[in-house]
$ cat protein-v1.txt   # compact mmCIF, C-alpha atoms
# COMPACT_ATOMS: atom_id res chain seq x y z
CA MET N 7 42.60 -14.04 -51.57
CA LEU N 8 39.69 -16.29 -52.51
CA THR N 9 39.58 -17.30 -56.18
CA LEU N 10 37.27 -19.46 -58.25
CA ASP N 11 38.22 -23.13 -58.23
CA PRO N 12 38.09 -24.27 -61.90
CA THR N 13 36.53 -27.57 -60.78
CA TRP N 14 33.39 -25.61 -59.85
CA ILE N 15 32.69 -24.81 -63.50
CA LEU N 16 30.03 -27.08 -65.02
CA PHE N 17 29.57 -25.35 -68.39
CA GLU N 18 31.04 -22.37 -70.20
CA ASP N 19 30.51 -20.74 -73.59
CA PRO N 20 30.49 -17.10 -74.81
CA HIS N 21 26.97 -16.58 -73.45
CA LEU N 22 26.63 -18.65 -70.26
CA ILE N 23 28.67 -19.99 -67.40
CA ALA N 24 27.25 -22.55 -64.96
CA VAL N 25 28.97 -23.05 -61.62
CA ASN N 26 28.66 -25.43 -58.65
CA LYS N 27 28.32 -22.96 -55.77
CA PRO N 28 29.88 -24.13 -52.51
CA ALA N 29 28.11 -23.39 -49.24
CA PRO N 30 28.23 -21.06 -47.31
CA LEU N 31 29.42 -18.73 -50.08
CA LEU N 32 26.97 -15.94 -50.90
CA THR N 33 25.66 -15.70 -54.45
CA GLN N 34 25.98 -11.89 -54.43
CA ALA N 35 27.24 -9.38 -51.87
CA PRO N 36 28.52 -5.82 -51.57
CA GLU N 37 32.12 -5.19 -52.57
CA GLY N 38 34.60 -6.58 -50.08
CA ILE N 39 32.46 -9.54 -49.00
CA PRO N 40 33.35 -12.85 -50.68
CA ASN N 41 30.65 -13.95 -53.12
CA LEU N 42 30.28 -16.20 -56.15
CA GLU N 43 29.42 -13.42 -58.60
CA ALA N 44 32.70 -11.62 -57.86
CA LEU N 45 34.71 -14.85 -58.12
CA VAL N 46 33.21 -15.67 -61.52
CA LYS N 47 33.90 -12.14 -62.76
CA GLY N 48 37.50 -12.46 -61.59
CA TYR N 49 37.87 -15.80 -63.32
CA ILE N 50 36.54 -14.45 -66.63
CA LYS N 51 38.66 -11.29 -66.40
CA ALA N 52 41.84 -13.32 -65.83
CA LYS N 53 41.11 -16.08 -68.35
CA TYR N 54 40.24 -13.76 -71.22
CA ALA N 55 42.56 -10.89 -70.20
CA LYS N 56 39.71 -8.39 -70.22
CA PRO N 57 41.09 -4.88 -69.61
CA ALA N 58 37.79 -3.41 -68.43
CA GLY N 59 35.03 -4.63 -66.15
CA VAL N 60 33.23 -7.93 -66.70
CA TYR N 61 29.46 -8.08 -67.24
CA LEU N 62 27.61 -10.89 -65.50
CA GLY N 63 23.85 -11.35 -65.36
CA VAL N 64 22.43 -13.13 -62.30
CA PRO N 65 19.01 -14.60 -63.20
CA HIS N 66 18.63 -16.66 -59.99
CA ARG N 67 20.27 -17.27 -56.62
CA LEU N 68 20.81 -19.87 -53.94
CA ASP N 69 20.61 -19.31 -50.19
CA ARG N 70 23.96 -18.94 -48.46
CA PRO N 71 23.94 -22.37 -46.72
CA VAL N 72 22.84 -24.16 -49.91
CA SER N 73 25.24 -25.58 -52.51
CA GLY N 74 24.74 -26.45 -56.17
CA VAL N 75 24.07 -25.21 -59.68
CA ILE N 76 23.90 -21.52 -60.51
CA VAL N 77 23.94 -20.21 -64.08
CA PHE N 78 25.18 -16.74 -65.01
CA ALA N 79 24.76 -14.85 -68.29
CA ARG N 80 27.86 -13.35 -69.89
CA ASN N 81 26.20 -10.62 -71.96
CA THR N 82 23.09 -8.46 -71.72
CA LYS N 83 21.09 -10.20 -74.45
CA ALA N 84 21.70 -13.61 -72.88
CA ALA N 85 20.78 -12.19 -69.47
CA GLN N 86 17.45 -10.84 -70.77
CA ARG N 87 16.52 -14.14 -72.38
CA VAL N 88 17.53 -16.34 -69.46
CA HIS N 89 15.86 -14.02 -66.96
CA ALA N 90 12.67 -14.26 -69.02
CA GLN N 91 12.80 -18.05 -68.69
CA PHE N 92 12.98 -17.78 -64.91
CA GLU N 93 10.19 -15.20 -64.86
CA ARG N 94 7.98 -17.69 -66.72
CA ARG N 95 9.12 -20.58 -64.46
CA LEU N 96 10.39 -22.55 -67.45
CA PRO N 97 13.68 -23.87 -66.01
CA ARG N 98 13.45 -27.28 -64.34
CA LYS N 99 15.14 -27.49 -60.94
CA VAL N 100 16.04 -30.63 -59.02
CA TYR N 101 17.42 -30.51 -55.49
CA TRP N 102 18.86 -33.21 -53.26
CA ALA N 103 18.30 -33.04 -49.52
CA CYS N 104 19.44 -35.21 -46.64
CA VAL N 105 16.61 -34.91 -44.12
CA GLU N 106 16.10 -36.26 -40.64
CA GLY N 107 13.87 -39.30 -40.15
CA THR N 108 12.31 -41.80 -42.54
CA VAL N 109 10.17 -40.20 -45.22
CA ALA N 110 7.12 -42.14 -46.39
CA PRO N 111 5.57 -42.78 -48.84
CA GLU N 112 8.43 -43.00 -51.33
CA THR N 113 6.93 -40.38 -53.66
CA GLY N 114 4.51 -37.55 -53.14
CA HIS N 115 3.35 -33.98 -53.60
CA TRP N 116 3.52 -31.31 -50.89
CA ALA N 117 1.49 -28.11 -50.86
CA ASP N 118 1.61 -25.45 -48.13
CA TRP N 119 0.69 -21.81 -47.67
CA ILE N 120 3.67 -19.82 -46.43
CA ARG N 121 4.57 -16.19 -45.84
CA LYS N 122 7.72 -14.27 -45.04
CA ILE N 123 8.07 -12.98 -41.48
CA PRO N 124 8.48 -9.18 -41.67
CA ASN N 125 12.04 -7.98 -41.05
CA GLU N 126 13.37 -11.54 -40.73
CA ALA N 127 15.05 -13.91 -43.17
CA LYS N 128 12.53 -16.60 -42.29
CA VAL N 129 9.10 -17.82 -43.35
CA GLU N 130 6.16 -19.16 -41.35
CA ARG N 131 3.13 -21.33 -41.94
CA ALA N 132 0.07 -19.49 -43.22
CA ALA N 133 -3.47 -20.26 -44.31
CA GLU N 134 -5.11 -19.64 -47.65
CA GLY N 135 -6.44 -16.10 -47.65
CA ASP N 136 -3.98 -14.79 -45.07
CA ALA N 137 -2.24 -11.53 -45.91
CA GLU N 138 0.95 -12.12 -47.90
CA ALA N 139 0.34 -15.89 -47.97
CA LYS N 140 1.70 -17.74 -51.01
CA LEU N 141 1.16 -21.32 -52.09
CA ALA N 142 4.30 -23.47 -52.20
CA THR N 143 4.23 -26.80 -54.03
CA LEU N 144 6.75 -29.51 -54.85
CA THR N 145 7.06 -33.15 -55.74
CA TYR N 146 9.51 -35.50 -54.08
CA ARG N 147 10.87 -39.01 -54.29
CA VAL N 148 13.04 -41.02 -51.94
CA LEU N 149 16.46 -41.80 -53.42
CA LYS N 150 17.82 -43.72 -50.44
CA TRP N 151 17.13 -44.33 -46.78
CA LEU N 152 20.14 -43.47 -44.64
CA GLU N 153 20.87 -44.28 -41.01
CA GLY N 154 18.53 -41.93 -39.17
CA GLY N 155 17.58 -40.03 -42.28
CA THR N 156 16.48 -40.00 -45.92
CA LEU N 157 18.05 -38.77 -49.13
CA LEU N 158 15.31 -36.98 -51.07
CA GLU N 159 15.01 -35.60 -54.57
CA LEU N 160 12.88 -32.45 -54.49
CA SER N 161 11.40 -30.77 -57.55
CA PRO N 162 9.89 -27.37 -56.69
CA LEU N 163 6.88 -26.30 -58.72
CA THR N 164 6.93 -22.79 -57.21
CA GLY N 165 9.78 -20.50 -56.19
CA ARG N 166 9.00 -19.43 -52.64
CA MET N 167 11.53 -18.31 -50.06
CA HIS N 168 12.89 -21.30 -48.08
CA GLN N 169 10.05 -23.48 -49.34
CA LEU N 170 12.02 -26.74 -49.57
CA ARG N 171 13.40 -26.16 -46.10
CA VAL N 172 10.07 -25.49 -44.41
CA GLN N 173 7.98 -27.99 -46.34
CA SER N 174 10.34 -30.75 -45.21
CA ALA N 175 10.56 -29.45 -41.64
CA TRP N 176 6.80 -29.08 -41.23
CA ARG N 177 6.44 -32.79 -41.96
CA GLY N 178 8.89 -33.74 -39.24
CA HIS N 179 11.88 -34.03 -41.59
CA PRO N 180 14.08 -30.94 -41.25
CA ILE N 181 17.03 -30.74 -43.60
CA GLY N 182 20.26 -31.78 -41.92
CA GLY N 183 22.02 -28.84 -40.28
CA ASP N 184 19.09 -26.45 -40.79
CA HIS N 185 18.79 -25.22 -37.19
CA LEU N 186 16.61 -22.33 -38.34
CA TYR N 187 13.83 -24.83 -39.05
CA GLY N 188 14.35 -27.42 -36.34
CA SER N 189 17.28 -29.65 -37.31
CA ILE N 190 19.08 -31.15 -34.31
CA CYS N 191 22.18 -32.26 -36.20
CA ASP N 192 25.18 -30.53 -37.72
CA ILE N 193 26.67 -31.07 -41.14
CA GLY N 194 29.85 -29.93 -42.81
CA PRO N 195 32.86 -28.15 -41.32
CA PRO N 196 32.43 -26.82 -37.75
CA ALA N 197 31.40 -23.17 -37.62
CA THR N 198 31.06 -20.85 -34.63
CA ASP N 199 29.46 -18.13 -36.75
CA PRO N 200 25.88 -19.17 -37.64
CA ARG N 201 26.31 -17.52 -41.05
CA GLU N 202 29.08 -20.00 -41.86
CA ARG N 203 26.97 -23.10 -41.19
CA VAL N 204 25.85 -25.22 -44.11
CA ILE N 205 22.79 -27.41 -44.60
CA ALA N 206 22.27 -30.64 -46.52
CA LEU N 207 20.38 -29.02 -49.40
CA HIS N 208 21.98 -29.07 -52.83
CA ALA N 209 20.79 -27.74 -56.18
CA ARG N 210 21.61 -30.93 -58.01
CA GLN N 211 20.33 -30.20 -61.50
CA LEU N 212 19.13 -27.24 -63.57
CA THR N 213 17.68 -27.41 -67.08
CA ILE N 214 17.28 -24.28 -69.22
CA ARG N 215 17.14 -23.34 -72.90
CA HIS N 216 20.24 -21.81 -74.41
CA PRO N 217 19.44 -18.13 -74.99
CA PHE N 218 20.54 -18.22 -78.64
CA THR N 219 20.50 -21.80 -79.95
CA GLU N 220 17.37 -22.83 -78.00
CA GLU N 221 19.16 -26.11 -77.20
CA GLU N 222 18.04 -27.67 -73.93
CA LEU N 223 20.94 -27.61 -71.47
CA THR N 224 21.09 -29.62 -68.25
CA PHE N 225 23.75 -28.85 -65.66
CA VAL N 226 24.45 -31.42 -62.93
CA ALA N 227 26.48 -30.55 -59.83
CA PRO N 228 28.26 -33.15 -57.64
CA VAL N 229 27.28 -33.07 -53.96
CA PRO N 230 29.79 -31.72 -51.43
CA ASP N 231 32.25 -34.23 -50.02
CA TYR N 232 31.04 -33.63 -46.45
CA TRP N 233 27.60 -35.09 -47.22
CA PRO N 234 26.59 -38.50 -45.82
CA GLU N 235 27.40 -41.31 -48.23
CA CYS N 236 24.72 -41.16 -50.93
$ encode --input "protein-v1.txt" --output "structure tokens"
Amino acid sequence: MLTLDPTWILFEDPHLIAVNKPAPLLTQAPEGIPNLEALVKGYIKAKYAKPAGVYLGVPHRLDRPVSGVIVFARNTKAAQRVHAQFERRLPRKVYWACVEGTVAPETGHWADWIRKIPNEAKVERAAEGDAEAKLATLTYRVLKWLEGGTLLELSPLTGRMHQLRVQSAWRGHPIGGDHLYGSICDIGPPATDPRERVIALHARQLTIRHPFTEEELTFVAPVPDYWPEC
């Protein structure tokens, strides 16, 4: 039976718990399917010997093949306040990505119009004014050039589906292992089931305000050990 590895925990107090999600674990799923939410609930129930069910608010998520920081709320008031922060786009998110090719210049700003493909878990390029088109923007900087690739720091300014993945890919730099958007390489443990494949995208850092003290909290998650040396 899968259980929460205590080394995944980045922060814990009576109101919040921040966890380094491994890929390809789902953030949430129906009962019976392994997912991070259920593992965190099980950890809290066992640690604090809770006789009844465990409440856990989920103010944001990560795609299945993506690793990194996720914060959960441990009571309803904290959940309301943290969710409000995400609704207002106040949290600061920093991702690391190992992408194919040499990215230049070393810093920049990307802006693209994208839209979700109906009935598919995928997005496509769109034009301003197209039906369902949404503007996706981010800033980036090169952290290191790798052999055949680049380690990027990506800071999304919007929260569009797959935006980091497609904005990199559309510039000729797909994220390593992201076959959905054109990567030609594999990363991580071998997987015959496409749902079990991982990509080199990691939610490295998340900054929010504590829902009660208003203290600024920054959670930093180590990259997976299967990543290229970076």
$ residues_around --input "protein-v1.txt" --residues "Lys27 (chain N)" --least-positions-apart "5" --cutoff "7 Å" --atoms "only C-alpha atoms" --output "list in words"
Ser73, Gly74, Val75 and Ile76 of chain N
$ closest_residue --input "protein-v1.txt" --among "N:Lys47, N:His168, N:Arg177, N:Arg98" --to "Glu222 (chain N)" --atoms "only C-alpha atoms"
N:Arg98
$ closest_residue --input "protein-v1.txt" --among "N:Ala175, N:Thr156, N:Gly183, N:Glu37" --to "Glu202 (chain N)" --atoms "all atoms listed in the file"
N:Gly183
$ residues_around --input "protein-v1.txt" --residues "Arg147 (chain N)" --least-positions-apart "5" --cutoff "6 Å" --atoms "only C-alpha atoms" --output "list in words"
Glu112, Thr113, Leu158 and Glu159 of chain N
$ residues_around --input "protein-v1.txt" --residues "Asp11 (chain N)" --least-positions-apart "3" --cutoff "12 Å" --atoms "all atoms listed in the file" --output "list in words"
Leu8, Trp14, Ile15, Leu16, Val25, Asn26, Lys27, Pro28, Leu42, Leu45, Val46, Gly48 and Tyr49 of chain N
$ residues_around --input "protein-v1.txt" --residues "Leu31 (chain N)" --least-positions-apart "3" --cutoff "10 Å" --atoms "all atoms listed in the file" --output "NGL selection string"
:N and (27-28 or 34-35 or 39-42 or 68-73 or 201-202 or 204)
$ atom_distance --input "protein-v1.txt" --atom1 "CA of Thr13 (chain N)" --atom2 "CA of Gly165 (chain N)"
28.0 Å
$ residues_around --input "protein-v1.txt" --residues "Gly178 (chain N)" --least-positions-apart "5" --cutoff "10 Å" --atoms "only C-alpha atoms" --output "PDB file with C-alpha atoms, keeping the file's coordinate frame"
ATOM      1  CA  VAL N 105      16.610 -34.910 -44.120  1.00  0.00           C
ATOM      2  CA  GLU N 106      16.100 -36.260 -40.640  1.00  0.00           C
ATOM      3  CA  GLY N 107      13.870 -39.300 -40.150  1.00  0.00           C
ATOM      4  CA  THR N 108      12.310 -41.800 -42.540  1.00  0.00           C
ATOM      5  CA  VAL N 109      10.170 -40.200 -45.220  1.00  0.00           C
ATOM      6  CA  VAL N 172      10.070 -25.490 -44.410  1.00  0.00           C
ATOM      7  CA  GLN N 173       7.980 -27.990 -46.340  1.00  0.00           C
ATOM      8  CA  GLY N 188      14.350 -27.420 -36.340  1.00  0.00           C
ATOM      9  CA  SER N 189      17.280 -29.650 -37.310  1.00  0.00           C
TER      10      SER N 189
END
$ residues_near_point --input "protein-v1.txt" --point "(23.8, -37.7, -48.0)" --cutoff "8 Å" --atoms "only C-alpha atoms" --output "list of chain:residue names"
N:Ala103, N:Cys104, N:Leu152, N:Thr156, N:Leu157, N:Ala206, N:Trp233, N:Pro234, N:Glu235, N:Cys236
$ closest_residue --input "protein-v1.txt" --among "N:Phe92, N:Phe225, N:Tyr146, N:Tyr232" --to "Thr213 (chain N)" --atoms "all atoms listed in the file"
N:Phe225
$ atom_distance --input "protein-v1.txt" --atom1 "CA of Gly114 (chain N)" --atom2 "CA of Val148 (chain N)"
9.3 Å
$ atom_distance --input "protein-v1.txt" --atom1 "CA of Ala139 (chain N)" --atom2 "CA of Ala110 (chain N)"
27.2 Å
$ closest_residue --input "protein-v1.txt" --among "N:Ala24, N:Val64, N:Leu32, N:Ile120" --to "Ile214 (chain N)" --atoms "all atoms listed in the file"
N:Ala24
$ closest_residue --input "protein-v1.txt" --among "N:Thr219, N:Ser161, N:Gln169, N:Thr9" --to "Tyr101 (chain N)" --atoms "all atoms listed in the file"
N:Ser161
